[in-house]
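A.B. asks: final_22.cif is reproduced below (mmCIF, C-alpha atoms and all ligand atoms).
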```cif
data_data
loop_
_atom_site.label_atom_id
_atom_site.label_comp_id
_atom_site.auth_asym_id
_atom_site.auth_seq_id
_atom_site.Cartn_x
_atom_site.Cartn_y
_atom_site.Cartn_z
CA MET H 1001 52.59 147.79 214.35
CA ASN H 1002 56.11 146.35 214.54
CA SER H 1003 58.07 145.22 217.61
CA GLN H 1004 59.62 148.61 218.25
CA GLU H 1005 56.30 150.46 218.08
CA LEU H 1006 54.78 147.78 220.28
CA LEU H 1007 57.47 148.34 222.92
CA LYS H 1008 56.78 152.09 223.01
CA ASN H 1009 53.07 151.36 223.23
CA LEU H 1010 53.56 148.91 226.14
CA GLU H 1011 55.72 151.37 228.04
CA ALA H 1012 52.85 153.84 227.91
CA THR H 1013 50.25 151.28 229.07
CA PRO H 1014 49.30 151.61 232.75
CA MET H 1015 49.26 148.22 234.50
CA LEU H 1016 47.07 146.93 237.29
CA PRO H 1017 47.35 143.55 239.08
CA HIS H 1018 44.12 142.16 237.56
CA TYR H 1019 45.07 142.85 233.96
CA THR H 1020 45.79 139.84 231.76
CA LEU H 1021 48.07 139.43 228.74
CA ALA H 1022 46.71 137.44 225.79
CA SER H 1023 47.34 136.98 222.11
CA LEU H 1024 45.05 136.10 219.22
CA ASP H 1025 46.25 134.56 216.02
CA ILE H 1026 44.26 134.72 212.77
CA THR H 1027 44.09 131.30 211.11
CA SER H 1028 45.37 131.25 207.50
CA LEU H 1029 44.84 134.95 206.95
CA TYR H 1030 45.66 135.32 203.24
CA THR H 1031 43.68 132.37 201.93
CA ASN H 1032 40.61 133.47 203.90
CA ILE H 1033 40.39 137.05 202.68
CA LEU H 1034 37.31 137.39 200.48
CA VAL H 1035 38.37 139.10 197.28
CA LYS H 1036 34.96 140.53 196.26
CA GLU H 1037 34.11 141.81 199.71
CA THR H 1038 37.46 143.54 200.05
CA ARG H 1039 37.00 145.12 196.61
CA ALA H 1040 33.73 146.67 197.82
CA ILE H 1041 35.50 147.99 200.94
CA LEU H 1042 38.27 149.50 198.81
CA ALA H 1043 35.74 151.09 196.39
CA ASN H 1044 33.91 152.57 199.34
CA ILE H 1045 37.08 154.03 200.89
CA LEU H 1046 38.09 155.59 197.57
CA GLN H 1047 34.68 157.21 197.22
CA GLN H 1048 34.61 158.52 200.77
CA ARG H 1049 38.06 160.04 200.43
CA LEU H 1050 36.93 161.87 197.26
CA ILE H 1051 39.72 160.36 195.19
CA HIS H 1052 39.55 161.49 191.54
CA PRO H 1053 37.22 159.11 189.58
CA ASN H 1054 39.96 158.24 187.08
CA THR H 1055 42.33 157.24 189.88
CA GLN H 1056 39.54 155.23 191.53
CA GLN H 1057 38.98 153.31 188.31
CA GLU H 1058 42.68 152.78 187.83
CA LEU H 1059 43.14 151.40 191.36
CA LEU H 1060 40.17 149.04 191.09
CA LYS H 1061 41.46 147.81 187.73
CA TRP H 1062 44.82 147.17 189.42
CA TYR H 1063 42.99 145.30 192.17
CA ASP H 1064 41.12 143.08 189.69
CA ILE H 1065 44.24 142.19 187.74
CA ILE H 1066 46.34 141.17 190.73
CA THR H 1067 43.60 139.26 192.53
CA LYS H 1068 42.78 137.26 189.39
CA GLN H 1069 46.39 136.32 188.67
CA ASN H 1070 46.27 133.86 191.50
CA TYR H 1071 48.04 130.69 190.45
CA PHE H 1072 51.05 128.75 191.62
CA ALA H 1073 53.05 125.63 190.78
CA HIS H 1074 52.42 122.55 192.88
CA LYS H 1075 54.11 119.22 192.06
CA GLU H 1076 54.87 120.42 188.53
CA GLN H 1077 51.25 121.43 187.92
CA ILE H 1078 49.83 124.94 187.69
CA VAL H 1079 47.02 125.35 190.21
CA VAL H 1080 44.52 128.25 190.27
CA GLN H 1081 43.37 129.47 193.67
CA HIS H 1082 39.73 130.60 193.41
CA ASP H 1083 39.37 132.76 196.47
CA GLY H 1084 41.71 134.31 198.96
CA LEU H 1085 44.96 136.10 198.27
CA ALA H 1086 48.13 134.69 196.75
CA MET H 1087 50.71 133.61 199.32
CA GLY H 1088 53.93 135.50 198.83
CA ALA H 1089 52.52 138.16 196.49
CA PRO H 1090 53.72 141.62 197.55
CA SER H 1091 50.18 142.99 197.16
CA SER H 1092 48.56 140.41 199.49
CA GLY H 1093 49.74 142.13 202.67
CA LEU H 1094 48.25 145.44 201.55
CA ILE H 1095 44.89 143.92 200.54
CA ALA H 1096 44.63 141.92 203.76
CA GLU H 1097 45.32 145.19 205.66
CA ILE H 1098 42.40 146.90 203.86
CA PHE H 1099 40.07 144.12 204.97
CA LEU H 1100 41.35 143.86 208.56
CA GLN H 1101 41.44 147.62 209.17
CA HIS H 1102 37.87 147.80 207.93
CA MET H 1103 36.87 145.05 210.38
CA GLU H 1104 38.68 146.79 213.22
CA HIS H 1105 37.11 150.10 212.35
CA SER H 1106 33.61 148.57 212.41
CA HIS H 1107 33.84 146.32 215.48
CA LEU H 1108 36.75 147.23 217.73
CA PRO H 1109 35.15 150.16 219.62
CA HIS H 1110 32.26 147.92 220.71
CA LEU H 1111 34.51 144.97 221.65
CA THR H 1112 37.04 147.01 223.64
CA ASN H 1113 34.20 148.57 225.56
CA LYS H 1114 32.39 145.29 226.23
CA HIS H 1115 35.46 143.36 227.43
CA LYS H 1116 37.41 146.27 228.92
CA ILE H 1117 40.33 145.74 226.58
CA ILE H 1118 43.10 148.05 227.82
CA ASN H 1119 45.43 147.57 224.87
CA TYR H 1120 45.00 146.13 221.38
CA CYS H 1121 47.91 145.90 218.90
CA ARG H 1122 48.09 143.91 215.71
CA TYR H 1123 51.05 142.93 213.54
CA VAL H 1124 49.71 141.31 210.32
CA ASP H 1125 47.84 138.29 211.75
CA ASP H 1126 49.08 138.45 215.36
CA ILE H 1127 47.13 140.42 217.93
CA LEU H 1128 48.23 141.36 221.43
CA LEU H 1129 45.53 142.07 224.01
CA ILE H 1130 45.65 143.35 227.55
CA PHE H 1131 42.23 143.07 229.18
CA ASP H 1132 40.66 143.52 232.57
CA SER H 1133 40.09 140.04 234.02
CA ASN H 1134 37.55 141.45 236.48
CA HIS H 1135 35.24 142.15 233.55
CA SER H 1136 35.87 139.43 231.01
CA ASN H 1137 37.76 136.27 230.18
CA ILE H 1138 39.61 135.02 227.14
CA GLN H 1139 36.92 132.50 226.10
CA GLU H 1140 34.26 135.20 225.84
CA ILE H 1141 36.63 137.46 223.94
CA LEU H 1142 37.57 134.65 221.56
CA ASN H 1143 33.89 133.80 220.93
CA ASP H 1144 33.14 137.40 220.03
CA PHE H 1145 36.15 137.71 217.70
CA ASN H 1146 35.22 134.42 216.00
CA SER H 1147 31.68 135.62 215.33
CA LEU H 1148 32.85 138.80 213.55
CA HIS H 1149 33.09 137.15 210.14
CA PRO H 1150 32.61 133.50 209.08
CA LYS H 1151 36.00 133.48 207.28
CA LEU H 1152 37.91 135.13 210.12
CA GLN H 1153 38.85 132.53 212.76
CA PHE H 1154 41.16 133.09 215.71
CA THR H 1155 43.12 131.02 218.16
CA ALA H 1156 43.94 132.44 221.59
CA GLU H 1157 46.75 132.15 224.08
CA THR H 1158 47.03 133.69 227.53
CA GLU H 1159 49.96 134.53 229.77
CA LYS H 1160 51.78 131.82 231.74
CA ASP H 1161 53.57 132.89 234.94
CA HIS H 1162 52.64 136.49 234.04
CA THR H 1163 54.62 136.13 230.79
CA LEU H 1164 53.49 136.09 227.17
CA ASN H 1165 55.63 135.75 224.06
CA PHE H 1166 54.56 137.95 221.19
CA LEU H 1167 56.48 138.44 217.91
CA ASP H 1168 60.13 138.48 219.01
CA ILE H 1169 59.38 139.93 222.44
CA SER H 1170 58.85 138.19 225.73
CA ILE H 1171 56.43 140.35 227.75
CA HIS H 1172 56.45 139.95 231.52
CA ARG H 1173 54.07 141.87 233.74
CA THR H 1174 54.58 142.78 237.37
CA PRO H 1175 51.58 144.06 239.37
CA THR H 1176 52.25 147.58 238.18
CA SER H 1177 54.49 147.53 235.12
CA ILE H 1178 55.69 145.64 232.06
CA LYS H 1179 59.17 144.23 231.47
CA THR H 1180 60.34 143.05 228.08
CA ALA H 1181 63.09 140.78 226.82
CA ILE H 1182 64.00 139.31 223.46
CA PHE H 1183 62.14 136.09 222.78
CA ARG H 1184 63.66 133.26 220.74
CA LYS H 1185 61.52 130.32 219.70
CA PRO H 1186 62.50 126.88 221.08
CA THR H 1187 63.45 125.97 217.49
CA PHE H 1188 65.97 128.84 217.37
CA THR H 1189 69.43 127.83 216.20
CA ASP H 1190 72.36 130.24 216.25
CA THR H 1191 73.12 129.64 212.57
CA ILE H 1192 73.57 132.78 210.53
CA ILE H 1193 75.58 133.05 207.29
CA PRO H 1194 79.04 132.00 208.57
CA PHE H 1195 81.85 134.51 208.23
CA THR H 1196 83.80 132.04 206.08
CA SER H 1197 80.91 131.56 203.64
CA ASN H 1198 81.34 132.72 200.08
CA HIS H 1199 78.87 135.61 200.32
CA PRO H 1200 79.15 139.37 199.82
CA ALA H 1201 80.32 140.95 203.07
CA HIS H 1202 77.23 143.14 203.46
CA HIS H 1203 74.93 140.08 203.23
CA LYS H 1204 76.84 138.52 206.11
CA TYR H 1205 76.85 141.69 208.20
CA ALA H 1206 73.12 142.34 207.66
CA THR H 1207 72.24 139.81 210.40
CA VAL H 1208 74.93 141.17 212.70
CA LYS H 1209 73.60 144.69 212.19
CA PHE H 1210 70.05 143.50 212.88
CA LEU H 1211 71.09 141.85 216.16
CA TYR H 1212 72.97 144.94 217.41
CA ASN H 1213 70.22 147.33 216.32
CA ARG H 1214 67.66 145.30 218.19
CA LEU H 1215 69.89 145.19 221.25
CA GLU H 1216 70.12 148.99 221.25
CA ASN H 1217 66.52 149.78 220.34
CA TYR H 1218 64.53 147.41 222.57
CA ASN H 1219 65.27 149.20 225.84
CA LEU H 1220 66.29 145.93 227.49
CA GLN H 1221 67.56 147.29 230.84
CA GLN H 1222 68.75 144.34 232.98
CA GLU H 1223 68.41 141.92 230.04
CA TYR H 1224 70.92 143.94 228.00
CA LEU H 1225 74.10 142.13 229.05
CA GLN H 1226 72.45 138.74 228.68
CA GLU H 1227 71.40 139.57 225.11
CA LEU H 1228 74.86 140.96 224.33
CA ASN H 1229 76.25 137.64 225.47
CA VAL H 1230 73.86 135.74 223.17
CA ILE H 1231 74.99 137.89 220.23
CA HIS H 1232 78.66 137.28 221.04
CA ASN H 1233 77.98 133.54 221.12
CA ILE H 1234 76.19 133.65 217.76
CA LEU H 1235 79.10 135.55 216.21
CA HIS H 1236 81.65 133.22 217.78
CA ASN H 1237 79.82 130.07 216.59
CA ASN H 1238 79.70 131.45 213.06
CA SER H 1239 83.44 132.22 212.97
CA PHE H 1240 83.13 136.02 212.97
CA PRO H 1241 86.42 137.62 214.06
CA PHE H 1242 85.85 138.76 217.56
CA GLY H 1243 86.45 142.17 219.06
CA PRO H 1244 84.36 143.77 221.80
CA HIS H 1245 83.10 146.66 219.69
CA LYS H 1246 84.09 145.55 216.25
CA HIS H 1247 80.63 144.80 214.91
CA LYS H 1248 78.78 147.75 216.37
CA PRO H 1249 77.04 149.29 213.39
CA PRO H 1250 77.67 152.99 212.76
CA THR H 1251 74.97 155.06 214.41
CA HIS H 1252 72.31 156.15 211.98
CA ASN H 1253 72.96 159.58 210.59
CA PRO H 1254 69.90 161.00 208.81
CA ALA H 1255 72.01 163.75 207.21
CA LYS H 1256 74.05 161.08 205.45
CA GLN H 1257 71.05 159.47 203.77
CA VAL H 1258 71.64 159.04 200.10
CA VAL H 1259 69.11 160.69 197.82
CA PRO H 1260 68.55 158.40 194.84
CA HIS H 1261 70.03 159.90 191.71
CA PRO H 1262 67.45 160.20 188.91
CA LYS H 1263 69.80 158.48 186.46
CA GLN H 1264 70.67 155.71 188.91
CA LYS H 1265 70.54 152.19 187.50
CA TRP H 1266 70.95 148.82 189.14
CA ALA H 1267 72.99 145.88 187.94
CA SER H 1268 73.06 142.45 189.50
CA PHE H 1269 76.32 140.48 189.81
CA THR H 1270 76.72 136.83 190.69
CA TYR H 1271 78.96 136.76 193.74
CA VAL H 1272 81.74 134.21 193.27
CA GLY H 1273 84.24 135.50 195.80
CA ARG H 1274 86.38 138.51 196.65
CA GLU H 1275 87.13 138.99 192.95
CA THR H 1276 83.51 140.05 192.42
CA SER H 1277 83.98 142.92 194.88
CA TYR H 1278 87.14 144.02 193.08
CA ILE H 1279 85.12 144.29 189.87
CA THR H 1280 82.12 146.03 191.37
CA ASN H 1281 84.38 148.55 193.14
CA ILE H 1282 85.11 149.95 189.69
CA PHE H 1283 81.52 151.26 189.64
CA ARG H 1284 81.64 152.76 193.13
CA ARG H 1285 81.52 156.40 192.10
CA THR H 1286 79.20 155.95 189.14
CA GLU H 1287 75.43 156.05 188.72
CA LEU H 1288 75.41 152.26 188.54
CA LYS H 1289 74.32 150.59 191.78
CA ILE H 1290 75.34 146.99 192.36
CA SER H 1291 73.37 144.18 193.94
CA PHE H 1292 74.69 140.66 194.47
CA GLN H 1293 73.15 137.28 193.95
CA SER H 1294 74.53 133.94 195.00
CA THR H 1295 74.62 130.70 193.05
CA ASN H 1296 75.22 128.50 196.09
CA THR H 1297 71.55 128.46 197.04
CA LEU H 1298 69.95 125.55 198.88
CA ASP H 1299 68.10 124.65 195.67
CA ASN H 1300 71.38 124.32 193.83
CA LEU H 1301 73.11 122.45 196.64
CA LEU H 1302 70.32 119.97 197.29
CA THR H 1303 69.14 119.12 193.79
CA HIS H 1304 71.05 116.38 192.10
CA LYS H 1305 72.58 117.32 188.79
CA HIS H 1306 73.88 114.80 186.30
CA HIS H 1307 77.40 115.21 184.97
CA THR H 1308 78.67 113.69 181.77
CA GLN H 1309 81.66 111.52 182.51
CA ASP H 1310 83.73 112.31 179.43
CA ARG H 1311 84.46 116.02 179.54
CA PHE H 1312 86.34 115.85 176.23
CA SER H 1313 83.01 115.13 174.50
CA LEU H 1314 81.71 118.55 175.60
CA SER H 1315 82.31 122.02 174.16
CA GLY H 1316 83.74 125.17 175.71
CA VAL H 1317 87.03 126.96 176.39
CA TYR H 1318 90.29 124.98 176.43
CA LYS H 1319 94.02 125.55 176.71
CA LEU H 1320 96.69 123.75 174.70
CA ILE H 1321 100.00 123.67 176.51
CA CYS H 1322 103.38 123.28 174.83
CA PRO H 1323 105.08 120.42 176.75
CA ASP H 1324 108.54 121.90 176.16
CA CYS H 1325 108.13 125.55 177.17
CA ASN H 1326 104.71 125.57 178.95
CA LYS H 1327 103.38 128.41 176.78
CA MET H 1328 99.60 128.36 176.33
CA TYR H 1329 97.15 128.67 173.53
CA VAL H 1330 93.60 129.56 174.60
CA GLY H 1331 90.72 128.62 172.31
CA GLN H 1332 87.04 127.81 172.26
CA THR H 1333 84.96 125.32 170.36
CA GLY H 1334 81.25 124.69 169.88
CA ARG H 1335 82.02 121.08 168.99
CA LYS H 1336 83.73 118.36 171.04
CA PHE H 1337 87.06 119.28 172.64
CA SER H 1338 88.48 116.01 171.27
CA ALA H 1339 87.55 116.97 167.68
CA ARG H 1340 89.26 120.33 168.09
CA TYR H 1341 92.38 118.62 169.50
CA LYS H 1342 92.58 116.41 166.40
CA GLU H 1343 92.41 119.46 164.12
CA HIS H 1344 95.35 121.14 165.92
CA LYS H 1345 97.29 117.89 165.68
CA ILE H 1346 96.60 117.51 161.94
CA ALA H 1347 97.67 121.14 161.41
CA PHE H 1348 100.93 120.33 163.21
CA HIS H 1349 101.60 117.25 161.06
CA ASN H 1350 100.59 119.00 157.81
CA ASN H 1351 102.65 122.06 158.64
CA SER H 1352 99.58 124.21 157.88
CA ASN H 1353 99.04 127.77 159.09
CA THR H 1354 95.59 127.15 160.58
CA SER H 1355 96.70 126.66 164.19
CA SER H 1356 98.72 129.09 166.33
CA ILE H 1357 99.98 126.33 168.62
CA ALA H 1358 101.02 124.17 165.65
CA LYS H 1359 102.88 127.16 164.24
CA HIS H 1360 104.75 127.64 167.55
CA LEU H 1361 105.69 123.95 167.84
CA ILE H 1362 107.04 123.89 164.30
CA GLN H 1363 108.98 127.18 164.59
CA GLU H 1364 110.56 126.26 167.93
CA ALA H 1365 110.89 122.55 167.14
CA HIS H 1366 108.84 121.75 170.26
CA SER H 1367 106.84 118.53 170.52
CA PHE H 1368 103.08 117.76 170.48
CA GLY H 1369 101.78 115.55 173.29
CA PRO H 1370 98.72 113.32 173.83
CA MET H 1371 95.34 114.99 174.49
CA SER H 1372 95.24 114.13 178.22
CA ASN H 1373 98.65 115.81 178.70
CA VAL H 1374 98.46 118.94 176.59
CA MET H 1375 94.75 119.82 176.53
CA GLN H 1376 93.27 121.48 179.59
CA ILE H 1377 89.51 122.06 179.76
CA VAL H 1378 88.92 125.49 181.28
CA HIS H 1379 85.14 125.81 181.13
CA CYS H 1380 82.36 123.70 179.61
CA HIS H 1381 79.59 125.70 177.98
CA ARG H 1382 77.77 125.92 174.68
CA LYS H 1383 78.81 128.52 172.11
CA GLY H 1384 77.71 132.11 172.71
CA ALA H 1385 78.46 135.43 174.40
CA HIS H 1386 79.21 133.77 177.75
CA LEU H 1387 81.82 131.48 176.21
CA ASN H 1388 83.35 134.35 174.21
CA THR H 1389 83.89 136.32 177.43
CA ILE H 1390 85.50 133.36 179.20
CA GLU H 1391 87.80 132.74 176.23
CA ARG H 1392 88.81 136.41 176.11
CA PHE H 1393 89.47 136.48 179.85
CA HIS H 1394 91.80 133.47 179.74
CA THR H 1395 93.58 134.77 176.65
CA HIS H 1396 94.03 138.06 178.51
CA THR H 1397 95.43 136.25 181.58
CA GLU H 1398 98.06 134.36 179.58
CA PHE H 1399 98.88 137.54 177.65
CA ALA H 1400 99.41 139.48 180.91
CA ALA H 1401 101.75 136.72 182.14
CA ASN H 1402 103.53 136.86 178.78
CA ASN H 1403 102.81 133.17 178.41
CA HIS H 1404 100.49 133.20 175.42
CA LEU H 1405 100.58 131.68 171.97
CA ASN H 1406 97.49 133.51 170.72
CA ASP H 1407 97.67 136.13 168.02
CA PRO H 1408 98.38 139.44 169.88
CA GLN H 1409 96.25 141.23 167.27
CA THR H 1410 93.15 139.62 168.82
CA ILE H 1411 93.83 140.91 172.36
CA PHE H 1412 92.39 144.29 173.41
CA PRO H 1413 92.77 146.23 176.67
CA ASN H 1414 90.01 145.45 179.17
CA ALA H 1415 89.76 147.22 182.57
CA ILE H 1416 87.62 144.51 184.17
CA PHE H 1417 90.00 141.71 183.15
CA SER H 1418 93.05 143.67 184.34
CA THR H 1419 91.42 144.28 187.74
CA LEU H 1420 90.52 140.61 188.09
CA ILE H 1421 94.04 139.48 187.19
CA LYS H 1422 95.56 141.95 189.66
CA ALA H 1423 93.12 140.80 192.39
CA LYS H 1424 94.05 137.15 191.81
CA GLN H 1425 97.78 137.75 192.21
CA PRO H 1426 99.00 136.55 195.60
ZN ZN Z 1 107.00 125.69 173.22
#
```
What does the file become when written as structure tokens?

C.D. replies:
Amino acid sequence: MNSQELLKNLEATPMLPHYTLASLDITSLYTNILVKETRAILANILQQRLIHPNTQQELLKWYDIITKQNYFAHKEQIVVQHDGLAMGAPSSGLIAEIFLQHMEHSHLPHLTNKHKIINYCRYVDDILLIFDSNHSNIQEILNDFNSLHPKLQFTAETEKDHTLNFLDISIHRTPTSIKTAIFRKPTFTDTIIPFTSNHPAHHKYATVKFLYNRLENYNLQQEYLQELNVIHNILHNNSFPFGPHKHKPPTHNPAKQVVPHPKQKWASFTYVGRETSYITNIFRRTELKISFQSTNTLDNLLTHKHHTQDRFSLSGVYKLICPDCNKMYVGQTGRKFSARYKEHKIAFHNNSNTSSIAKHLIQEAHSFGPMSNVMQIVHCHRKGAHLNTIERFHTHTEFAANNHLNDPQTIFPNAIFSTLIKAKQP
């Protein structure tokens, strides 16, 4: 049950002055789920539901494979976890649900009856309880829950000043009703992806959308304006341009829902700035769907990377600039830049035809300068498809500006390059 379902459920719960709010938290849920026991539960469910024997076998085989592939890296060592479910595996939530729903099915009717539990809701490993304090108390309830299964241990918390925080909701009870507000942990900071950050726009607006959706869907009543104010502060502190209704997400229109096209394919682009959007817009009306990834991750920002001091000892794409007319030659090398520079220089002195820049300098009687003046390193990379693309892009750029010394025969039209060049123009 998620927050929104919980709110609907609470609205429908009748309240009396002697009811008490409490929450139970399951300790280390995933690592305490017994794999064999849950397999037996699953096998039993499949049999009871008269699932086709072949499908039953297939599902149990699936279960065995994913529960056995339970290893992770810790301090550069691969560790195998012998029981319990893998943290972070998409299947773990589902398997834990099978186990917990089975436990609830077997024991909850008895427990709710014994302790006069008025309301029981669970979200993964968090349980909300409303019980009748004339009939029971939280210690007795906790003892009973802890004796359900040796691996299943709970911690309990009860209301303070008639208020209990559960998930992202602060639940306050009056003698006869329940009032809710949005709860933020004491560790909450108002940091979201800042508007100025180099991220795809829809990544940035995802949080904004979430905040406004929650504001509208939580039925906040008198807390509404206060929450709206919090959202405005968050947006302001993260440099979002401010307008009273600017960020309100479009209301959900079920008729507009996109039916996935059978031929639809996804491609992932590294987001480097607005230019990336210009490129991906080309595919807007095609069957290709675009997702973005970012290279400025915390891992990349926080891990120290060593840089070679002398860039001319690396390989990659370079430009050679004519000091007299500023025309450019774009080239790539898999060896050192400095070695390639020497070759161009020798070609110039020997009047040989092996270098386009040397040819230009000789024809126009322009001069050849020292490496640090005339050679510009564009991109360091080893030889390969990536480097070829970068070379072609820079050749294309100089060609478009009519500033190139490369052989025009080697330059072909390219829609992506043209879009990028147009997007980069001021
Ligand atoms: Zn020149």

A.B. asks: Please return as a ChimeraX atom specification every residue within 10 Å of (39.3, 151.0, 192.3), taking into account only C-alpha atoms and the file's own coordinates.

C.D. replies: /H:1039-1047,1051,1053-1064

A.B. asks: Just want the 10 Å neighbourhood of Asn1134 (chain H), counted on all atoms listed in the file, with same-chain residues fewer than 6 positions away dropped. Output as a PyMOL selection string.

C.D. replies: chain H and resi 1018-1020+1115-1116

A.B. asks: Hey, which residues come within 12 Å of ligand ZN 1 (chain Z) if we count only C-alpha atoms and all ligand atoms? Could you give them as a list in words?

C.D. replies: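 Written in the requested form, the residues are Leu1320, Ile1321, Cys1322, Pro1323, Asp1324, Cys1325, Asn1326, Lys1327, Met1328, Tyr1329, Ser1356, Ile1357, Ala1358, Lys1359, His1360, Leu1361, Ile1362, Gln1363, Glu1364, Ala1365, His1366, Ser1367, Phe1368, Gly1369, Val1374, Asn1403, His1404 and Leu1405 of chain H.
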
A.B. asks: Would you pick out the contacts of Gln1332 (chain H) at 10 Å or less, using all atoms listed in the file, so that residues sharing its chain but fewer than 4 positions from it are not included, and give the list as a list in words?

C.D. replies: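 The residues that qualify are Ser1315, Gly1316, Val1317, Tyr1318, Lys1319, Phe1337, Arg1340, Ile1377, Val1378, His1379, Cys1380, His1381, Arg1382, Lys1383, Leu1387, Asn1388, Ile1390, Glu1391 and Arg1392 of chain H.
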
A.B. asks: Between H:Ile1033, H:Leu1108, H:Leu1006, H:Met1103, single out the one closest to Ile1171 (chain H), counting only C-alpha atoms.

C.D. replies: H:Leu1006

A.B. asks: For Ser1023 (chain H), list every protein, DNA or RNA residue within 7 Å, evaluated using only C-alpha atoms, and leave out those in the same chain fewer than 3 positions away; present the list as a list in words.

C.D. replies: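 Result of the neighbour search: Ile1127, Leu1128, Leu1129, Ala1156, Glu1157 and Thr1158 of chain H.
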
A.B. asks: Could you tell me how far CA of Val1272 (chain H) sits from CA of Phe1195 (chain H), in Å to one decimal place?

C.D. replies: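 Separation between CA of Phe1195 (chain H) and CA of Val1272 (chain H): 15.0 Å.
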
A.B. asks: Excluding Ser1239 (chain H) and its own-chain neighbours fewer than 4 positions away, which residues fall within 10 Å of it when counting only C-alpha atoms? Please give them as a ChimeraX atom specification.

C.D. replies: /H:1193-1197,1233-1235
